[in-house]
$ cat data.csv   # CSV, C-alpha atoms
chain,number,residue,atom,x,y,z
G,1,MET,CA,-50.4,-50.7,7.4
G,2,LEU,CA,-47.1,-52.1,8.6
G,3,ASP,CA,-45.8,-51.9,5.0
G,4,ALA,CA,-46.2,-48.1,5.2
G,5,PHE,CA,-44.5,-48.0,8.6
G,6,PHE,CA,-41.5,-50.0,7.4
G,7,SER,CA,-41.4,-47.9,4.2
G,8,ILE,CA,-41.0,-44.7,6.0
G,9,ILE,CA,-38.2,-46.2,8.1
G,10,GLN,CA,-36.5,-47.4,5.0
G,11,ARG,CA,-37.0,-44.0,3.2
G,12,ASP,CA,-35.5,-42.1,6.2
G,13,LEU,CA,-32.6,-44.5,6.5
G,14,LEU,CA,-31.9,-44.1,2.8
G,15,LEU,CA,-32.1,-40.3,3.2
G,16,ALA,CA,-29.7,-40.4,6.2
G,17,TYR,CA,-27.3,-42.6,4.2
G,18,ARG,CA,-27.3,-40.0,1.4
G,19,ARG,CA,-26.5,-37.3,4.0
G,20,ARG,CA,-24.1,-39.5,6.0
G,21,ALA,CA,-21.9,-36.6,7.1
G,22,ASP,CA,-24.7,-35.6,9.4
G,23,LEU,CA,-24.8,-39.1,10.9
G,24,MET,CA,-21.4,-38.6,12.4
G,25,ASN,CA,-22.4,-35.6,14.5
G,26,PRO,CA,-23.6,-37.4,17.7
G,27,VAL,CA,-20.6,-39.8,17.5
G,28,LEU,CA,-18.2,-36.9,17.0
G,29,PHE,CA,-19.8,-35.1,20.0
G,30,TYR,CA,-19.2,-38.2,22.1
G,31,VAL,CA,-15.6,-38.5,21.1
G,32,ILE,CA,-14.9,-34.8,21.7
G,33,VAL,CA,-16.4,-34.9,25.2
G,34,ALA,CA,-14.6,-38.1,26.1
G,35,THR,CA,-11.3,-36.6,24.8
G,36,LEU,CA,-11.6,-33.1,26.2
G,37,PHE,CA,-13.1,-33.7,29.6
G,38,PRO,CA,-10.1,-35.5,31.1
G,39,LEU,CA,-7.9,-32.7,29.7
G,40,GLY,CA,-10.0,-30.0,31.1
G,41,VAL,CA,-10.8,-31.4,34.5
G,42,SER,CA,-8.4,-34.1,35.6
G,43,PRO,CA,-6.8,-37.2,34.1
G,44,ASP,CA,-7.1,-39.0,37.4
G,45,ALA,CA,-8.6,-42.4,36.7
G,46,GLU,CA,-10.5,-42.7,40.1
G,47,PHE,CA,-11.9,-39.2,39.8
G,48,LEU,CA,-13.0,-39.8,36.2
G,49,GLY,CA,-14.5,-43.2,37.1
G,50,ARG,CA,-16.7,-41.5,39.7
G,51,LEU,CA,-17.9,-38.8,37.3
G,52,ALA,CA,-18.3,-41.1,34.3
G,53,PRO,CA,-22.0,-42.3,34.8
G,54,GLY,CA,-23.3,-38.8,35.0
G,55,LEU,CA,-21.0,-37.4,32.3
G,56,VAL,CA,-21.8,-40.1,29.8
G,57,TRP,CA,-25.5,-39.6,30.3
G,58,VAL,CA,-25.3,-35.8,30.1
G,59,THR,CA,-23.4,-36.2,26.9
G,60,THR,CA,-26.0,-38.7,25.6
G,61,LEU,CA,-28.8,-36.3,26.4
G,62,LEU,CA,-27.1,-33.3,24.7
G,63,ALA,CA,-26.2,-35.4,21.7
G,64,ALA,CA,-29.8,-36.6,21.4
G,65,LEU,CA,-31.0,-33.0,21.7
G,66,ILE,CA,-28.6,-31.8,19.0
G,67,SER,CA,-29.9,-34.4,16.6
G,68,MET,CA,-33.6,-33.7,17.4
G,69,GLU,CA,-33.9,-30.4,15.6
G,70,SER,CA,-33.6,-31.9,12.2
G,71,ILE,CA,-36.2,-34.7,12.6
G,72,PHE,CA,-39.1,-32.9,11.0
G,73,ARG,CA,-37.4,-29.8,9.6
G,74,GLN,CA,-36.9,-31.0,6.0
G,75,ASP,CA,-40.3,-32.6,5.9
G,76,PHE,CA,-41.8,-29.3,6.7
G,77,GLU,CA,-39.6,-27.4,4.2
G,78,ASP,CA,-40.3,-29.8,1.2
G,79,GLY,CA,-44.0,-30.3,2.0
G,80,SER,CA,-43.8,-34.0,2.6
G,81,ILE,CA,-45.4,-33.7,6.0
G,82,GLU,CA,-48.6,-32.6,4.3
G,83,GLN,CA,-48.4,-35.6,2.1
G,84,LEU,CA,-48.1,-37.9,5.2
G,85,LEU,CA,-51.2,-36.2,6.6
G,86,LEU,CA,-53.2,-37.2,3.5
G,87,ASN,CA,-51.9,-40.8,3.7
G,88,PRO,CA,-54.6,-43.4,4.3
G,89,HIS,CA,-52.7,-44.9,7.2
G,90,PRO,CA,-52.8,-43.4,10.7
G,91,PHE,CA,-50.6,-40.3,10.9
G,92,SER,CA,-49.3,-41.3,14.4
G,93,LEU,CA,-48.1,-44.6,13.0
G,94,LEU,CA,-46.2,-43.0,10.2
G,95,ILE,CA,-44.7,-40.5,12.7
G,96,LEU,CA,-43.7,-43.3,14.9
G,97,GLY,CA,-41.9,-44.8,11.9
G,98,LYS,CA,-40.0,-41.5,11.5
G,99,VAL,CA,-39.0,-41.5,15.2
G,100,VAL,CA,-37.8,-45.2,15.0
G,101,ALA,CA,-35.7,-44.3,11.9
G,102,HIS,CA,-34.3,-41.3,13.8
G,103,TRP,CA,-33.4,-43.6,16.8
G,104,LEU,CA,-31.7,-46.1,14.4
G,105,ILE,CA,-29.7,-43.2,12.9
G,106,THR,CA,-28.7,-41.5,16.2
G,107,GLY,CA,-29.3,-44.0,19.0
G,108,VAL,CA,-27.6,-47.0,17.6
G,109,PRO,CA,-24.3,-45.3,16.9
G,110,MET,CA,-24.4,-44.1,20.6
G,111,LEU,CA,-25.0,-47.8,21.6
G,112,LEU,CA,-21.9,-48.8,19.7
G,113,ILE,CA,-19.6,-46.1,21.0
G,114,VAL,CA,-20.7,-45.8,24.6
G,115,PRO,CA,-18.6,-48.8,25.9
G,116,VAL,CA,-15.5,-47.2,24.3
G,117,MET,CA,-16.4,-43.9,25.9
G,118,ALA,CA,-16.9,-45.6,29.3
G,119,MET,CA,-13.5,-47.2,29.0
G,120,LEU,CA,-11.9,-43.9,28.1
G,121,LEU,CA,-13.4,-42.3,31.2
G,122,HIS,CA,-12.2,-45.3,33.4
G,123,MET,CA,-15.8,-46.4,34.3
G,124,PRO,CA,-15.7,-49.6,36.5
G,125,VAL,CA,-16.0,-52.6,34.2
G,126,GLN,CA,-19.1,-54.0,36.0
G,127,ALA,CA,-21.0,-50.8,35.3
G,128,VAL,CA,-20.5,-50.9,31.5
G,129,PRO,CA,-23.2,-53.5,30.7
G,130,VAL,CA,-25.7,-51.6,32.8
G,131,LEU,CA,-24.7,-48.3,31.1
G,132,TRP,CA,-25.3,-50.1,27.7
G,133,ILE,CA,-28.8,-51.2,28.9
G,134,THR,CA,-29.7,-47.7,30.1
G,135,ILE,CA,-28.6,-46.3,26.8
G,136,LEU,CA,-30.7,-49.0,25.0
G,137,LEU,CA,-33.8,-48.1,27.1
G,138,GLY,CA,-33.2,-44.4,27.5
G,139,THR,CA,-32.3,-43.1,24.0
G,140,PRO,CA,-35.6,-44.2,22.5
G,141,ILE,CA,-37.4,-42.2,25.3
G,142,LEU,CA,-35.2,-39.2,24.4
G,143,SER,CA,-36.1,-39.6,20.7
G,144,LEU,CA,-39.8,-39.9,21.5
G,145,ILE,CA,-39.9,-36.9,23.9
G,146,GLY,CA,-37.6,-34.9,21.8
G,147,ALA,CA,-39.8,-35.4,18.7
G,148,ILE,CA,-42.8,-33.8,20.6
G,149,GLY,CA,-40.7,-30.6,21.0
G,150,ALA,CA,-39.3,-30.8,17.5
G,151,ALA,CA,-42.9,-31.1,16.1
G,152,LEU,CA,-44.0,-28.1,18.1
G,153,THR,CA,-41.0,-26.0,16.9
G,154,ALA,CA,-40.8,-27.3,13.4
G,155,GLY,CA,-42.5,-24.3,11.9
G,156,PHE,CA,-40.2,-21.7,13.6
G,157,ARG,CA,-36.9,-20.5,12.3
G,158,GLY,CA,-34.2,-20.9,15.0
G,159,GLY,CA,-36.5,-23.2,17.0
G,160,GLY,CA,-33.5,-25.0,18.5
G,161,VAL,CA,-33.3,-22.9,21.6
G,162,LEU,CA,-37.0,-23.3,22.2
G,163,LEU,CA,-36.7,-27.0,21.6
G,164,GLY,CA,-34.1,-27.2,24.3
G,165,LEU,CA,-36.2,-25.2,26.8
G,166,LEU,CA,-39.3,-27.4,26.0
G,167,VAL,CA,-37.6,-30.8,26.1
G,168,LEU,CA,-34.7,-30.6,28.6
G,169,PRO,CA,-37.0,-30.6,31.7
G,170,LEU,CA,-38.8,-33.7,30.3
G,171,TYR,CA,-35.4,-35.4,29.9
G,172,VAL,CA,-34.5,-35.0,33.5
G,173,PRO,CA,-36.2,-38.2,34.9
G,174,VAL,CA,-34.5,-40.3,32.2
G,175,LEU,CA,-31.1,-38.7,33.2
G,176,ILE,CA,-31.8,-39.3,36.9
G,177,PHE,CA,-32.8,-43.0,36.6
G,178,ALA,CA,-30.2,-43.9,34.0
G,179,SER,CA,-27.2,-42.3,35.7
G,180,SER,CA,-28.4,-43.6,39.1
G,181,ALA,CA,-28.5,-47.1,37.7
G,182,VAL,CA,-25.0,-46.8,36.3
G,183,SER,CA,-23.7,-45.3,39.6
G,184,ALA,CA,-25.3,-48.1,41.6
G,185,ALA,CA,-23.8,-50.8,39.3
G,186,ALA,CA,-20.4,-49.2,39.7
G,187,ASP,CA,-20.8,-49.5,43.5
G,188,GLY,CA,-22.1,-53.1,43.2
G,189,LEU,CA,-25.7,-52.3,44.2
G,190,ALA,CA,-28.9,-53.5,42.7
G,191,VAL,CA,-30.2,-51.7,39.6
G,192,SER,CA,-33.4,-53.5,38.8
G,193,GLY,CA,-35.6,-50.6,40.2
G,194,GLN,CA,-34.0,-47.9,38.0
G,195,LEU,CA,-34.1,-50.2,34.9
G,196,ALA,CA,-37.7,-51.0,35.6
G,197,MET,CA,-38.5,-47.3,35.7
G,198,LEU,CA,-36.7,-46.7,32.4
G,199,GLY,CA,-38.5,-49.7,30.9
G,200,SER,CA,-41.9,-48.5,32.0
G,201,GLY,CA,-41.0,-44.9,30.8
G,202,LEU,CA,-40.2,-46.4,27.4
G,203,ILE,CA,-43.5,-48.2,27.1
G,204,LEU,CA,-45.4,-45.1,28.2
G,205,ALA,CA,-43.5,-43.0,25.7
G,206,LEU,CA,-44.1,-45.5,22.9
G,207,VAL,CA,-47.8,-45.4,23.5
G,208,LEU,CA,-48.4,-41.7,24.2
G,209,ALA,CA,-45.7,-39.8,22.4
G,210,PRO,CA,-46.8,-40.7,18.8
G,211,LEU,CA,-50.2,-39.2,19.6
G,212,ALA,CA,-48.6,-36.1,21.1
G,213,ILE,CA,-46.2,-35.7,18.2
G,214,SER,CA,-48.9,-36.0,15.5
G,215,ALA,CA,-51.1,-33.5,17.4
G,216,SER,CA,-48.1,-31.1,17.7
G,217,LEU,CA,-47.3,-31.4,14.0
G,218,LYS,CA,-50.9,-30.6,13.1
G,219,ILE,CA,-50.8,-27.5,15.3
G,220,SER,CA,-47.5,-26.5,13.6
G,221,MET,CA,-49.0,-27.0,10.2
G,222,SER,CA,-52.2,-25.0,10.8
I,1,MET,CA,-61.3,-22.6,-9.9
I,2,VAL,CA,-60.3,-20.2,-7.2
I,3,LYS,CA,-59.1,-16.8,-8.3
I,4,GLY,CA,-57.9,-13.8,-6.3
I,5,SER,CA,-55.0,-11.4,-5.9
I,6,ASN,CA,-51.9,-12.2,-3.8
I,7,GLY,CA,-52.7,-12.6,-0.2
I,8,SER,CA,-56.4,-12.9,-0.7
I,9,GLY,CA,-56.4,-16.4,1.0
I,10,LYS,CA,-56.4,-18.8,-1.9
I,11,THR,CA,-53.8,-21.1,-0.3
I,12,SER,CA,-55.4,-20.8,3.1
I,13,LEU,CA,-58.7,-21.9,1.5
I,14,LEU,CA,-57.0,-24.9,-0.1
I,15,ARG,CA,-55.3,-25.9,3.1
I,16,ILE,CA,-58.7,-25.7,4.9
I,17,ILE,CA,-60.2,-27.9,2.2
I,18,CYS,CA,-57.4,-30.4,2.7
I,19,GLY,CA,-57.9,-30.4,6.5
I,20,PHE,CA,-54.5,-28.9,7.3
I,21,SER,CA,-56.0,-25.9,8.9
I,22,GLN,CA,-59.4,-25.2,10.6
I,23,PRO,CA,-61.5,-22.3,9.4
I,24,ALA,CA,-62.1,-19.4,11.7
I,25,ALA,CA,-65.8,-19.7,11.0
I,26,GLY,CA,-68.0,-22.2,9.2
I,27,ARG,CA,-67.2,-25.8,8.5
I,28,VAL,CA,-66.1,-28.0,5.6
I,29,THR,CA,-68.2,-31.1,5.0
I,30,TRP,CA,-67.9,-34.2,2.8
I,31,CYS,CA,-71.0,-36.3,2.4
I,32,SER,CA,-72.7,-34.2,5.1
I,33,GLU,CA,-69.9,-35.0,7.6
I,34,PRO,CA,-67.2,-32.6,8.8
I,35,ILE,CA,-63.9,-33.5,7.0
I,36,TYR,CA,-61.8,-33.3,10.2
I,37,GLY,CA,-61.2,-36.9,11.3
I,38,HIS,CA,-63.1,-38.1,8.2
I,39,GLU,CA,-60.8,-41.0,7.2
I,40,ASN,CA,-62.7,-41.7,3.9
I,41,TYR,CA,-62.3,-38.1,2.8
I,42,ARG,CA,-58.6,-38.0,3.6
I,43,GLN,CA,-58.0,-41.0,1.4
I,44,GLN,CA,-59.6,-39.3,-1.5
I,45,VAL,CA,-57.5,-36.1,-1.5
I,46,SER,CA,-54.3,-35.4,-3.4
I,47,TYR,CA,-52.7,-32.1,-2.7
I,48,VAL,CA,-49.9,-30.3,-4.6
I,49,GLY,CA,-49.0,-27.1,-2.8
I,50,HIS,CA,-46.2,-24.5,-3.2
I,51,GLN,CA,-43.8,-27.1,-1.9
I,52,SER,CA,-43.4,-30.0,-4.2
I,53,GLY,CA,-43.6,-32.7,-1.5
I,54,VAL,CA,-40.8,-34.6,-3.0
I,55,LYS,CA,-37.4,-35.5,-1.3
I,56,PRO,CA,-34.4,-33.8,-2.9
I,57,ASP,CA,-32.1,-36.6,-1.8
I,58,LEU,CA,-34.1,-39.3,-3.5
I,59,THR,CA,-34.1,-40.0,-7.3
I,60,VAL,CA,-37.3,-39.4,-9.4
I,61,LEU,CA,-38.1,-43.1,-9.4
I,62,GLU,CA,-37.4,-43.5,-5.7
I,63,ASN,CA,-39.7,-40.6,-4.8
I,64,LEU,CA,-42.6,-42.2,-6.7
I,65,VAL,CA,-41.9,-45.7,-5.4
I,66,PHE,CA,-41.9,-44.5,-1.8
I,67,MET,CA,-45.0,-42.4,-2.4
I,68,GLN,CA,-46.8,-45.5,-3.6
I,69,ARG,CA,-45.5,-47.7,-0.8
I,70,LEU,CA,-46.4,-45.2,1.8
I,71,ALA,CA,-49.9,-45.2,0.5
I,72,GLY,CA,-49.9,-49.0,1.2
I,73,GLU,CA,-49.8,-50.0,-2.4
I,74,ASN,CA,-47.3,-52.4,-3.9
I,75,SER,CA,-44.9,-50.5,-6.1
I,76,LYS,CA,-45.5,-51.4,-9.7
I,77,GLU,CA,-42.4,-50.3,-11.5
I,78,PRO,CA,-43.7,-50.5,-15.1
I,79,GLU,CA,-46.7,-48.3,-14.1
I,80,ILE,CA,-44.3,-45.8,-12.4
I,81,LYS,CA,-42.0,-45.7,-15.4
I,82,GLU,CA,-45.0,-45.0,-17.6
I,83,ILE,CA,-46.0,-42.1,-15.4
I,84,VAL,CA,-42.4,-40.8,-15.3
I,85,ARG,CA,-42.4,-40.9,-19.1
I,86,ALA,CA,-45.7,-39.1,-19.3
I,87,ALA,CA,-44.3,-36.4,-17.0
I,88,GLY,CA,-41.3,-36.0,-19.4
I,89,LEU,CA,-38.8,-37.1,-16.8
I,90,PHE,CA,-37.8,-40.5,-18.1
I,91,GLY,CA,-34.3,-39.2,-19.0
I,92,GLN,CA,-33.9,-37.9,-15.4
I,93,ARG,CA,-35.5,-41.0,-13.7
I,94,ASN,CA,-32.3,-41.9,-11.8
I,95,MET,CA,-31.3,-38.3,-11.1
I,96,MET,CA,-31.5,-36.8,-7.6
I,97,THR,CA,-34.6,-34.7,-7.4
I,98,GLY,CA,-32.6,-31.9,-5.8
I,99,LYS,CA,-30.7,-31.6,-9.1
I,100,LEU,CA,-33.8,-31.1,-11.2
I,101,SER,CA,-35.0,-27.7,-12.3
I,102,ALA,CA,-38.0,-26.1,-10.6
I,103,GLY,CA,-40.2,-27.0,-13.5
I,104,GLN,CA,-39.1,-30.6,-13.5
I,105,ARG,CA,-39.7,-30.8,-9.7
I,106,ARG,CA,-43.1,-29.5,-10.4
I,107,ARG,CA,-43.7,-32.1,-13.0
I,108,LEU,CA,-42.7,-34.8,-10.5
I,109,ALA,CA,-45.1,-33.4,-7.9
I,110,LEU,CA,-47.9,-33.5,-10.5
I,111,ALA,CA,-46.9,-37.0,-11.6
I,112,LYS,CA,-48.0,-38.1,-8.1
I,113,LEU,CA,-51.6,-37.2,-9.0
I,114,MET,CA,-51.5,-39.7,-11.8
I,115,LEU,CA,-49.9,-42.3,-9.5
I,116,GLN,CA,-52.3,-41.9,-6.6
I,117,GLN,CA,-55.5,-41.8,-8.7
I,118,ARG,CA,-57.6,-40.1,-6.0
I,119,THR,CA,-60.9,-38.4,-6.6
I,120,ILE,CA,-60.2,-34.9,-5.2
I,121,TRP,CA,-57.2,-33.0,-6.6
I,122,VAL,CA,-56.4,-29.8,-4.7
I,123,LEU,CA,-53.8,-27.9,-6.7
I,124,ASP,CA,-52.2,-24.6,-5.6
I,125,GLU,CA,-50.8,-22.8,-8.7
I,126,PRO,CA,-50.0,-26.0,-10.5
I,127,LEU,CA,-48.7,-24.3,-13.6
I,128,THR,CA,-45.9,-22.4,-11.9
I,129,ALA,CA,-42.5,-23.0,-13.6
I,130,LEU,CA,-44.0,-25.3,-16.2
I,131,ASP,CA,-43.2,-24.9,-19.9
I,132,LYS,CA,-46.0,-24.5,-22.6
I,133,GLU,CA,-45.7,-28.0,-23.9
I,134,PHE,CA,-46.2,-29.6,-20.5
I,135,ILE,CA,-49.0,-27.2,-19.6
I,136,GLY,CA,-50.9,-28.5,-22.7
I,137,ARG,CA,-50.3,-32.1,-21.7
I,138,PHE,CA,-51.2,-31.4,-18.1
I,139,GLU,CA,-54.5,-29.7,-19.1
I,140,GLN,CA,-55.4,-32.9,-20.9
I,141,VAL,CA,-54.7,-34.9,-17.7
I,142,LEU,CA,-57.0,-32.5,-15.8
I,143,LYS,CA,-59.8,-32.9,-18.5
I,144,ASP,CA,-59.5,-36.7,-18.3
I,145,HIS,CA,-59.7,-36.5,-14.5
I,146,LEU,CA,-62.9,-34.4,-14.7
I,147,GLU,CA,-64.4,-36.7,-17.3
I,148,ASN,CA,-63.8,-39.6,-14.9
I,149,GLU,CA,-66.0,-37.9,-12.3
I,150,GLY,CA,-63.0,-36.5,-10.5
I,151,ILE,CA,-63.1,-33.2,-8.6
I,152,LEU,CA,-60.6,-30.5,-9.1
I,153,VAL,CA,-60.0,-27.5,-6.8
I,154,VAL,CA,-57.4,-25.3,-8.3
I,155,THR,CA,-55.9,-21.8,-7.8
I,156,THR,CA,-54.2,-20.3,-10.8
I,157,HIS,CA,-53.3,-16.9,-12.2
I,158,ARG,CA,-53.3,-18.4,-15.7
I,159,GLU,CA,-56.5,-19.5,-17.5
I,160,LEU,CA,-56.8,-23.3,-17.7
I,161,LYS,CA,-58.2,-24.8,-20.9
I,162,ILE,CA,-60.9,-26.9,-19.2
I,163,PRO,CA,-64.5,-27.3,-20.7
I,164,GLU,CA,-66.4,-24.3,-19.4
I,165,HIS,CA,-69.5,-26.3,-18.3
I,166,ARG,CA,-67.3,-28.2,-15.8
I,167,VAL,CA,-65.9,-25.1,-14.1
I,168,LYS,CA,-67.2,-23.2,-11.1
I,169,ARG,CA,-65.3,-20.0,-10.5
I,170,ILE,CA,-64.8,-18.5,-7.0
I,171,GLY,CA,-63.3,-15.1,-6.6
I,172,LEU,CA,-61.5,-14.0,-3.4
I,173,SER,CA,-60.7,-10.5,-2.6
$ encode --input "data.csv" --output "structure tokens"
Amino acid sequence: MLDAFFSIIQRDLLLAYRRRADLMNPVLFYVIVATLFPLGVSPDAEFLGRLAPGLVWVTTLLAALISMESIFRQDFEDGSIEQLLLNPHPFSLLILGKVVAHWLITGVPMLLIVPVMAMLLHMPVQAVPVLWITILLGTPILSLIGAIGAALTAGFRGGGVLLGLLVLPLYVPVLIFASSAVSAAADGLAVSGQLAMLGSGLILALVLAPLAISASLKISMS
Amino acid sequence: MVKGSNGSGKTSLLRIICGFSQPAAGRVTWCSEPIYGHENYRQQVSYVGHQSGVKPDLTVLENLVFMQRLAGENSKEPEIKEIVRAAGLFGQRNMMTGKLSAGQRRRLALAKLMLQQRTIWVLDEPLTALDKEFIGRFEQVLKDHLENEGILVVTTHRELKIPEHRVKRIGLS
């Protein structure tokens, strides 16, 4: 069973590598925001440092949302989602494999670039490790929740707007806890409560989201 | 063999048989049990629909290797190569599927049937875009499948050369 799980991750990573121009989109989005925001608002280091936690997290959230639309689109178009449904292994496990692959493709580049972005926005140095941990805990939740919306809208043309409407309200708790943790770290306060909430959210999403995603895909297919 | 004019519901019927959609009325059973949530049934069905179910950014061999590995079987390269040869795609085995013609993509989708070796083959217009030579070879594969106690549910606008005593015809209007 695990072989099938790892095979789908491997297949999706290979497909992403073959379409590597798309891989750069979230990273480019990050770089554009980090570059343009100081130009458009203020280059003042203290001002940017105060805004940085919320700004980085809003950017992360939007970058995750941009990448979500494509997670099941091609599988729907080429008929491979039907083949997964006829697979002897649990559908939700295979779908979890697809979401893990999606996170490796979109979340890991964010993890790599976010310290650079924090520096560009003059975030206090002591907040950067906490920011990195919130991205590590928060982006898988964004991928799992986003995949539910992507599964529901996969059968629609132009489902991107609908996806945003469905998913953004569910992203709000992640945004609140994550940016609050980073702000608290910047002010030298304790962050364990917010990180614990993000950790428990991740566990909850890991357990429940694959079931919701597979049910949503079955609805979209029928 | 399911026949009917365009829009008569042939594809919908096949999708219901595969368990992708639920019927508005009635139920589909396998060994007296409803097929929905019937794990044993799902493991016995192979479906080739209008979409080929193959990835355009993978090569012919990669597509078949991943199909086999996703089904939880170890990929046996000699066996896969033999199937690719039988499908007339050996020369294109390392070519991206997206660069194949529609007929070649169809052959690859049908090659999956030989790879998976399942009991129930549900095929929606399998002969679309195929040339005469391959249709002949594919009809032989279908005959062999039926002779090995396999089950075939197929929609087609062309007549398939399958022994008449093995065929049940259903007309939809």
$ closest_residue --input "data.csv" --among "G:Gly107, G:Pro53, G:Pro210, G:Gly79" --to "I:Gln51" --atoms "all atoms listed in the file"
G:Gly79
$ residues_around --input "data.csv" --residues "I:Ile120" --least-positions-apart "3" --cutoff "9 Å" --atoms "only C-alpha atoms" --output "PyMOL selection string"
chain I and resi 41+44-47+150-153
$ closest_residue --input "data.csv" --among "G:Val114, G:Ile66, G:Ala34, G:Leu94" --to "chain I" --atoms "all atoms listed in the file"
G:Leu94
$ interface_residues --input "data.csv" --of "chain I" --to "chain G" --cutoff "8 Å" --atoms "all atoms listed in the file" --output "compact mmCIF listing (two decimals) with C-alpha atoms, in the coordinates of the input"
# COMPACT_ATOMS: atom_id res chain seq x y z
CA PHE I 20 -54.50 -28.90 7.30
CA SER I 21 -56.00 -25.90 8.90
CA GLN I 22 -59.40 -25.20 10.60
CA GLU I 39 -60.80 -41.00 7.20
CA ARG I 42 -58.60 -38.00 3.60
CA GLN I 43 -58.00 -41.00 1.40
CA VAL I 45 -57.50 -36.10 -1.50
CA SER I 46 -54.30 -35.40 -3.40
CA TYR I 47 -52.70 -32.10 -2.70
CA GLY I 49 -49.00 -27.10 -2.80
CA GLN I 51 -43.80 -27.10 -1.90
CA SER I 52 -43.40 -30.00 -4.20
CA GLY I 53 -43.60 -32.70 -1.50
CA VAL I 54 -40.80 -34.60 -3.00
CA LYS I 55 -37.40 -35.50 -1.30
CA ASP I 57 -32.10 -36.60 -1.80
CA LEU I 58 -34.10 -39.30 -3.50
CA PHE I 66 -41.90 -44.50 -1.80
CA ARG I 69 -45.50 -47.70 -0.80
CA LEU I 70 -46.40 -45.20 1.80
CA ALA I 71 -49.90 -45.20 0.50
CA GLY I 72 -49.90 -49.00 1.20
$ atom_distance --input "data.csv" --atom1 "atom CA of I:Asp131" --atom2 "atom CA of I:Arg85"
16.0 Å
$ atom_distance --input "data.csv" --atom1 "atom CA of I:Val60" --atom2 "atom CA of G:Val100"
25.1 Å
$ atom_distance --input "data.csv" --atom1 "atom CA of I:Gly98" --atom2 "atom CA of I:Asn63"
11.3 Å
$ residues_around --input "data.csv" --residues "G:Pro124" --least-positions-apart "5" --cutoff "10 Å" --atoms "all atoms listed in the file" --output "number ranges by chain"
G: 46, 49-50, 52-53, 118-119, 182-183, 185-188
$ residues_around --input "data.csv" --residues "G:Pro26" --least-positions-apart "2" --cutoff "10 Å" --atoms "all atoms listed in the file" --output "list in words"
Asp22, Leu23, Met24, Leu28, Phe29, Tyr30, Val31, Ile32, Thr59, Thr60, Leu62, Ala63, Ala64, Leu65, Ile66, Ser67, Ile105, Thr106, Gly107, Pro109 and Met110 of chain G
$ residues_around --input "data.csv" --residues "stretch 143-160 of chain G" --least-positions-apart "5" --cutoff "8 Å" --atoms "only C-alpha atoms" --output "mmCIF file with C-alpha atoms, in the coordinates of the input"
data_model
loop_
_atom_site.group_PDB
_atom_site.id
_atom_site.type_symbol
_atom_site.label_atom_id
_atom_site.label_comp_id
_atom_site.auth_asym_id
_atom_site.auth_seq_id
_atom_site.Cartn_x
_atom_site.Cartn_y
_atom_site.Cartn_z
ATOM 1 C CA ALA G 64 -29.800 -36.600 21.400
ATOM 2 C CA LEU G 65 -31.000 -33.000 21.700
ATOM 3 C CA MET G 68 -33.600 -33.700 17.400
ATOM 4 C CA GLU G 69 -33.900 -30.400 15.600
ATOM 5 C CA SER G 70 -33.600 -31.900 12.200
ATOM 6 C CA ILE G 71 -36.200 -34.700 12.600
ATOM 7 C CA PHE G 72 -39.100 -32.900 11.000
ATOM 8 C CA ARG G 73 -37.400 -29.800 9.600
ATOM 9 C CA PHE G 76 -41.800 -29.300 6.700
ATOM 10 C CA VAL G 99 -39.000 -41.500 15.200
ATOM 11 C CA HIS G 102 -34.300 -41.300 13.800
ATOM 12 C CA TRP G 103 -33.400 -43.600 16.800
ATOM 13 C CA LEU G 166 -39.300 -27.400 26.000
ATOM 14 C CA VAL G 167 -37.600 -30.800 26.100
ATOM 15 C CA LEU G 170 -38.800 -33.700 30.300
ATOM 16 C CA TYR G 171 -35.400 -35.400 29.900
ATOM 17 C CA ALA G 205 -43.500 -43.000 25.700
ATOM 18 C CA LEU G 206 -44.100 -45.500 22.900
ATOM 19 C CA ALA G 209 -45.700 -39.800 22.400
ATOM 20 C CA PRO G 210 -46.800 -40.700 18.800
ATOM 21 C CA ALA G 212 -48.600 -36.100 21.100
ATOM 22 C CA ILE G 213 -46.200 -35.700 18.200
ATOM 23 C CA SER G 214 -48.900 -36.000 15.500
ATOM 24 C CA SER G 216 -48.100 -31.100 17.700
ATOM 25 C CA LEU G 217 -47.300 -31.400 14.000
ATOM 26 C CA ILE G 219 -50.800 -27.500 15.300
ATOM 27 C CA SER G 220 -47.500 -26.500 13.600
ATOM 28 C CA MET G 221 -49.000 -27.000 10.200
#
$ closest_residue --input "data.csv" --among "I:Ser12, I:Gln140, I:Asn6, I:Gln68" --to "I:Ala86" --atoms "all atoms listed in the file"
I:Gln140
$ closest_residue --input "data.csv" --among "G:Leu61, G:Leu120, G:Ala101, G:Val207" --to "G:Leu168" --atoms "all atoms listed in the file"
G:Leu61
$ build_atoms --input "data.csv" --residues "stretch 187-191 of chain G" --atoms "N, CA and C atoms" --output "short mmCIF file (atom, residue, chain, number, x, y, z; two decimals), in the coordinates of the input"
data_model
loop_
_atom_site.label_atom_id
_atom_site.label_comp_id
_atom_site.auth_asym_id
_atom_site.auth_seq_id
_atom_site.Cartn_x
_atom_site.Cartn_y
_atom_site.Cartn_z
N ASP G 187 -21.05 -49.21 42.06
CA ASP G 187 -20.80 -49.50 43.50
C ASP G 187 -21.25 -50.88 43.89
N GLY G 188 -21.67 -51.69 42.92
CA GLY G 188 -22.10 -53.10 43.20
C GLY G 188 -23.45 -53.21 43.82
N LEU G 189 -24.30 -52.22 43.63
CA LEU G 189 -25.70 -52.30 44.20
C LEU G 189 -26.67 -52.75 43.15
N ALA G 190 -27.90 -53.05 43.62
CA ALA G 190 -28.90 -53.50 42.70
C ALA G 190 -29.42 -52.38 41.80
N VAL G 191 -29.75 -52.72 40.56
CA VAL G 191 -30.20 -51.70 39.60
C VAL G 191 -31.54 -51.97 39.00
#
